[in-house]
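Colleague: Before anything else, here's the structure in question.
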Amino acid sequence: MRGLLVRYGLAMTSVMLVAFLVPLGLLARSLAAERALAAAQQDAQQVAMFAGVVADDPARLQATLLAVNAGARRTSVFLPDGTVEGAPAPRGPAVELASLGRALTARTDGGVEVLQPVGGAAGVAVVRTFVPDSQLQAGVLRAWSVLALVGAVLLGGAVLAGDRIAARLSRSVRDLADVAERLGSGDLAARAEPSGPAEVASVGAVLNGLGDRVAGLLADERELVADLSHRLRTPITALRLDVDMLADPDERDRMAAHVDGLVGAVDTVIHAARSHAPRTPEVCDAAAVVRARATFWEVLTTHEGRPLRVDVPPTAARVAVGAGELGAALDVLVDNVLRHTPAGTALELTVRPGPGMVVVAVADAGPGLADGALTERGRSGAGSTGLGLDVARRTAERAGGRLEVGPGLAGRGTRFALVLPAALTEA
């Protein structure tokens, strides 16, 4: 923006200089020509005083011609008898016209001739003063040089002043852009120092107000999530008491493990809601997470008679997502299959490493999605909150990936694929 403003100021200054300096240059050339022609006419009039009486005082005429021909101009006298006094010159059409009694100025080769007729007893004599082009343009080059120098100085001053003004303005805009970028990256304490023109300063004040508003809304949301999570502790405690009353030790231990997992999930939600620190990059082995979650869901799939196939690579498939987040997203996708497909529907969990990306997919052989918009937040076809698939989508997008939806097993059902960027560091 700084360069653009400087170029704009330079263009406007150039237009103004052309509008003023070019006419001044043309005026200087016109004045030089008029000055030379005025001097030539003066020479011609001075000689004309004696041209009519040349027979009475030829010496006076010769002396006058010698005096006026001392400079760059050349004056000649064409007498009625056809002789030429002074500087040698051809008797051209302009001289013939002037001999009829008409004073005139005519253009000729190499300059301009000023012709003055003089009547006498012997006839009409013509005084001709020739002004060369060099004298017509005397001082014009110097005038143009001075005007060009003045124009260059003015352009330089305009560039310098424009650069200072543009630097101040662009600095204010860069500061606003930096604060906006910091706010967008999660630094809610970033604030702008309003500066620059009134319009830019008002944008800074509005941006600061926006930061305060966003910080307040996020604080309220964190407190709301934390409060909701705390309210879950009472039913969880009652559930734990019910589990402790189970007679079967194996069943009691299994249910207690599930309750412990639920407690850990609630604690994680509370910690995330209360934490104000920016997220730190996390890495996990997608293959290990899928194997672990498959073991967890295997009990339910076996109970419902669902064939479960797990296809993961033998080596680690590291992705730029934490193990907890990836496990939660995977649980959402598997739970979606269990909720919306009939018992006995086949289910497949796969991990496919690729160039720079790792695809973690959950596919089924059920009836498929009736509405592709069900992957959007708040959309559900079964009366639920509709947040499940959105959780998986946001998990992928936060890591720089995406959630893809396509046909499932054998061309039936649905396939949800988390396309995640591969991580280069160890988990």
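Labels used: A, B, ... for chains in the order of the structure tokens, numbers from 1 for residues in each chain, and numbers from 1 for ligands as shown.
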Extract, using only C-alpha atoms, all DNA, RNA and protein residues at most 12 Å from Pro421 in chain A, discarding same-chain residues fewer than 6 positions from it, and format them as a PyMOL selection string.
Modeller: chain A and resi 282-284+286+317-321+352-360+395-402
Colleague: Could those selected residues go to a file with N, CA and C atoms, as a CSV table (one decimal), in the first residue's frame?
Modeller:
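Full text of result_25.csv as output:
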```csv
chain,number,residue,atom,x,y,z
A,282,GLU,N,-0.5,-31.4,18.9
A,282,GLU,CA,-0.4,-32.7,19.4
A,282,GLU,C,-0.3,-33.7,18.2
A,283,VAL,N,0.3,-34.8,18.5
A,283,VAL,CA,0.6,-35.9,17.5
A,283,VAL,C,0.2,-37.2,18.1
A,284,CYS,N,-0.3,-38.1,17.3
A,284,CYS,CA,-0.6,-39.4,17.8
A,284,CYS,C,-0.5,-40.4,16.7
A,286,ALA,N,-2.4,-42.8,14.5
A,286,ALA,CA,-3.7,-43.1,14.2
A,286,ALA,C,-4.0,-44.6,14.2
A,317,ALA,N,1.2,-44.6,12.0
A,317,ALA,CA,0.7,-43.6,11.0
A,317,ALA,C,0.4,-42.4,11.8
A,318,ARG,N,1.4,-41.6,12.0
A,318,ARG,CA,1.3,-40.4,12.8
A,318,ARG,C,0.5,-39.3,12.2
A,319,VAL,N,-0.3,-38.6,12.9
A,319,VAL,CA,-1.2,-37.5,12.4
A,319,VAL,C,-1.1,-36.4,13.4
A,320,ALA,N,-1.4,-35.2,12.9
A,320,ALA,CA,-1.3,-33.9,13.7
A,320,ALA,C,-2.6,-33.7,14.5
A,321,VAL,N,-3.0,-34.7,15.3
A,321,VAL,CA,-4.2,-34.7,16.1
A,321,VAL,C,-3.8,-35.4,17.4
A,352,ARG,N,-5.4,-45.4,6.2
A,352,ARG,CA,-4.6,-45.4,4.9
A,352,ARG,C,-3.6,-44.3,4.9
A,353,PRO,N,-2.3,-44.5,5.1
A,353,PRO,CA,-1.3,-43.5,5.0
A,353,PRO,C,-1.2,-43.1,3.5
A,354,GLY,N,-0.9,-41.8,3.3
A,354,GLY,CA,-0.7,-41.3,1.9
A,354,GLY,C,0.3,-40.2,1.9
A,355,PRO,N,0.6,-39.6,0.8
A,355,PRO,CA,1.6,-38.6,0.7
A,355,PRO,C,1.2,-37.3,1.5
A,356,GLY,N,1.7,-37.1,2.6
A,356,GLY,CA,1.4,-36.0,3.4
A,356,GLY,C,0.1,-36.0,4.2
A,357,MET,N,-0.7,-37.1,4.0
A,357,MET,CA,-2.0,-37.2,4.6
A,357,MET,C,-2.2,-38.6,5.1
A,358,VAL,N,-3.1,-38.8,6.1
A,358,VAL,CA,-3.5,-40.1,6.6
A,358,VAL,C,-5.0,-40.1,6.6
A,359,VAL,N,-5.6,-41.1,6.0
A,359,VAL,CA,-7.1,-41.2,6.0
A,359,VAL,C,-7.6,-42.2,7.0
A,360,VAL,N,-8.4,-41.8,8.0
A,360,VAL,CA,-9.0,-42.6,9.0
A,360,VAL,C,-10.5,-42.7,8.6
A,395,THR,N,-12.8,-31.6,14.4
A,395,THR,CA,-11.6,-32.2,14.7
A,395,THR,C,-10.6,-32.3,13.5
A,396,ALA,N,-11.2,-32.6,12.4
A,396,ALA,CA,-10.3,-32.7,11.2
A,396,ALA,C,-9.9,-31.3,10.7
A,397,GLU,N,-10.8,-30.4,10.8
A,397,GLU,CA,-10.5,-29.0,10.3
A,397,GLU,C,-9.5,-28.3,11.2
A,398,ARG,N,-9.6,-28.5,12.5
A,398,ARG,CA,-8.6,-27.9,13.4
A,398,ARG,C,-7.2,-28.3,13.1
A,399,ALA,N,-7.1,-29.6,12.6
A,399,ALA,CA,-5.8,-30.1,12.3
A,399,ALA,C,-5.3,-29.7,10.9
A,400,GLY,N,-6.2,-29.0,10.2
A,400,GLY,CA,-5.8,-28.7,8.8
A,400,GLY,C,-6.3,-29.7,7.8
A,401,GLY,N,-7.2,-30.6,8.2
A,401,GLY,CA,-7.8,-31.6,7.3
A,401,GLY,C,-9.2,-31.4,7.0
A,402,ARG,N,-9.9,-32.5,6.7
A,402,ARG,CA,-11.4,-32.3,6.3
A,402,ARG,C,-12.1,-33.7,6.6
```
Colleague: As a ChimeraX atom specification, which residues of range 180-309 of chain A does DSSP assign to alpha helix (DSSP H)?
Modeller: /A:180-184,198-231,233-244,249-274,286-303
Colleague: Considering only C-alpha atoms, return as an mmCIF file with N, CA and C atoms, in the first residue's frame whatever protein or nucleic-acid residues lie within 9 Å of Asp260 in chain A, sequence-local ones (same chain, fewer than 5 positions apart) excluded.
Modeller:
```cif
data_model
loop_
_atom_site.group_PDB
_atom_site.id
_atom_site.type_symbol
_atom_site.label_atom_id
_atom_site.label_comp_id
_atom_site.auth_asym_id
_atom_site.auth_seq_id
_atom_site.Cartn_x
_atom_site.Cartn_y
_atom_site.Cartn_z
ATOM 1 N N ARG A 240 -22.137 -44.584 39.584
ATOM 2 C CA ARG A 240 -21.064 -45.359 40.218
ATOM 3 C C ARG A 240 -21.595 -46.157 41.394
ATOM 4 N N MET A 255 -18.199 -52.328 34.186
ATOM 5 C CA MET A 255 -18.997 -51.116 34.260
ATOM 6 C C MET A 255 -18.246 -49.999 34.995
ATOM 7 N N ALA A 265 -13.588 -38.236 30.828
ATOM 8 C CA ALA A 265 -14.053 -37.381 29.737
ATOM 9 C C ALA A 265 -14.633 -36.083 30.263
#
```
Colleague: Do you know which residues are at most 7 Å from Ala363 in chain A counting only C-alpha atoms, after dropping those on the same chain fewer than 6 positions away, and could you put them as a PyMOL selection string?
Modeller: chain A and resi 347-349+408-409+414-416
Colleague: Could those selected residues go to a file with N, CA and C atoms, as a PDB file, in the first residue's frame?
Modeller:
```pdb
ATOM      1  N   LEU A 347     -19.440 -53.366   9.541  1.00  0.00           N
ATOM      2  CA  LEU A 347     -18.746 -52.132   9.909  1.00  0.00           C
ATOM      3  C   LEU A 347     -17.259 -52.330   9.642  1.00  0.00           C
ATOM      4  N   GLU A 348     -16.590 -51.290   9.128  1.00  0.00           N
ATOM      5  CA  GLU A 348     -15.161 -51.394   8.813  1.00  0.00           C
ATOM      6  C   GLU A 348     -14.437 -50.125   9.260  1.00  0.00           C
ATOM      7  N   LEU A 349     -13.306 -50.337   9.949  1.00  0.00           N
ATOM      8  CA  LEU A 349     -12.431 -49.240  10.369  1.00  0.00           C
ATOM      9  C   LEU A 349     -11.109 -49.396   9.625  1.00  0.00           C
ATOM     10  N   GLY A 408     -20.421 -46.386   1.106  1.00  0.00           N
ATOM     11  CA  GLY A 408     -19.809 -47.305   2.054  1.00  0.00           C
ATOM     12  C   GLY A 408     -19.359 -48.606   1.426  1.00  0.00           C
ATOM     13  N   LEU A 409     -19.552 -49.700   2.159  1.00  0.00           N
ATOM     14  CA  LEU A 409     -19.051 -51.013   1.744  1.00  0.00           C
ATOM     15  C   LEU A 409     -19.860 -51.543   0.569  1.00  0.00           C
ATOM     16  N   THR A 414     -22.595 -45.828   4.025  1.00  0.00           N
ATOM     17  CA  THR A 414     -21.905 -44.541   4.056  1.00  0.00           C
ATOM     18  C   THR A 414     -20.490 -44.740   4.558  1.00  0.00           C
ATOM     19  N   ARG A 415     -19.610 -43.934   4.037  1.00  0.00           N
ATOM     20  CA  ARG A 415     -18.202 -43.938   4.476  1.00  0.00           C
ATOM     21  C   ARG A 415     -17.833 -42.524   4.911  1.00  0.00           C
ATOM     22  N   PHE A 416     -17.448 -42.408   6.192  1.00  0.00           N
ATOM     23  CA  PHE A 416     -16.961 -41.143   6.730  1.00  0.00           C
ATOM     24  C   PHE A 416     -15.441 -41.244   6.839  1.00  0.00           C
TER      25      PHE A 416
END
```
Colleague: Can you tell me how far CA of Thr301 in chain A sits from CA of Val362 in chain A, in Å to one decimal?
Modeller: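 Between CA of Thr301 in chain A and CA of Val362 in chain A the gap works out to 13.7 Å.
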Colleague: For CA of Leu24 in chain A and CA of Val146 in chain A, quote the distance in Å rounded to one decimal.
Modeller: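 So the two atoms, CA of Leu24 in chain A and CA of Val146 in chain A, lie 10.9 Å apart.
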Colleague: Have a look at A:Leu104, A:Leu154, A:Leu65, A:Val334 and name the one nearest to Ala294 in chain A; count only C-alpha atoms.
Modeller: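 Selected residue with least distance to Ala294 in chain A: A:Val334.
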Colleague: If DSSP is run on the backbone, what residues of range 187-388 of chain A are strand (DSSP E)? A reply as a PyMOL selection string would be ideal.
Modeller: chain A and resi 284-285+308-311+318-319+347-354+357-364
Colleague: Would you kindly return, as a PDB file with C-alpha atoms, in the first residue's frame, each protein, DNA or RNA residue with an atom no farther than 10 Å from any atom of Arg102 in chain A, considering only C-alpha atoms and excluding same-chain residues fewer than 2 positions away?
Modeller:
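File written: around.pdb
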```
ATOM      1  CA  ALA A  94       9.559  37.908 -50.386  1.00  0.00           C
ATOM      2  CA  VAL A  95      11.866  40.742 -51.514  1.00  0.00           C
ATOM      3  CA  GLU A  96       9.812  41.181 -54.690  1.00  0.00           C
ATOM      4  CA  LEU A  97       6.653  41.386 -52.594  1.00  0.00           C
ATOM      5  CA  ALA A  98       8.201  43.933 -50.230  1.00  0.00           C
ATOM      6  CA  SER A  99       9.315  46.053 -53.211  1.00  0.00           C
ATOM      7  CA  LEU A 100       5.631  46.680 -53.886  1.00  0.00           C
ATOM      8  CA  LEU A 104       6.526  41.655 -43.983  1.00  0.00           C
ATOM      9  CA  LEU A 115      11.613  42.991 -44.918  1.00  0.00           C
ATOM     10  CA  GLN A 116      11.079  46.772 -44.760  1.00  0.00           C
ATOM     11  CA  PRO A 117      10.311  48.774 -47.952  1.00  0.00           C
ATOM     12  CA  VAL A 118      11.714  52.336 -48.224  1.00  0.00           C
ATOM     13  CA  VAL A 126      13.979  46.989 -49.620  1.00  0.00           C
TER      14      VAL A 126
END
```
Colleague: Report as a ChimeraX atom specification all protein, DNA and RNA residues lying within 12 Å of Ala288 in chain A, evaluated on only C-alpha atoms, omitting residues in the same chain fewer than 4 positions from it.
Modeller: /A:284,292-295,310-319,323-324,326-327,350-351,360,427
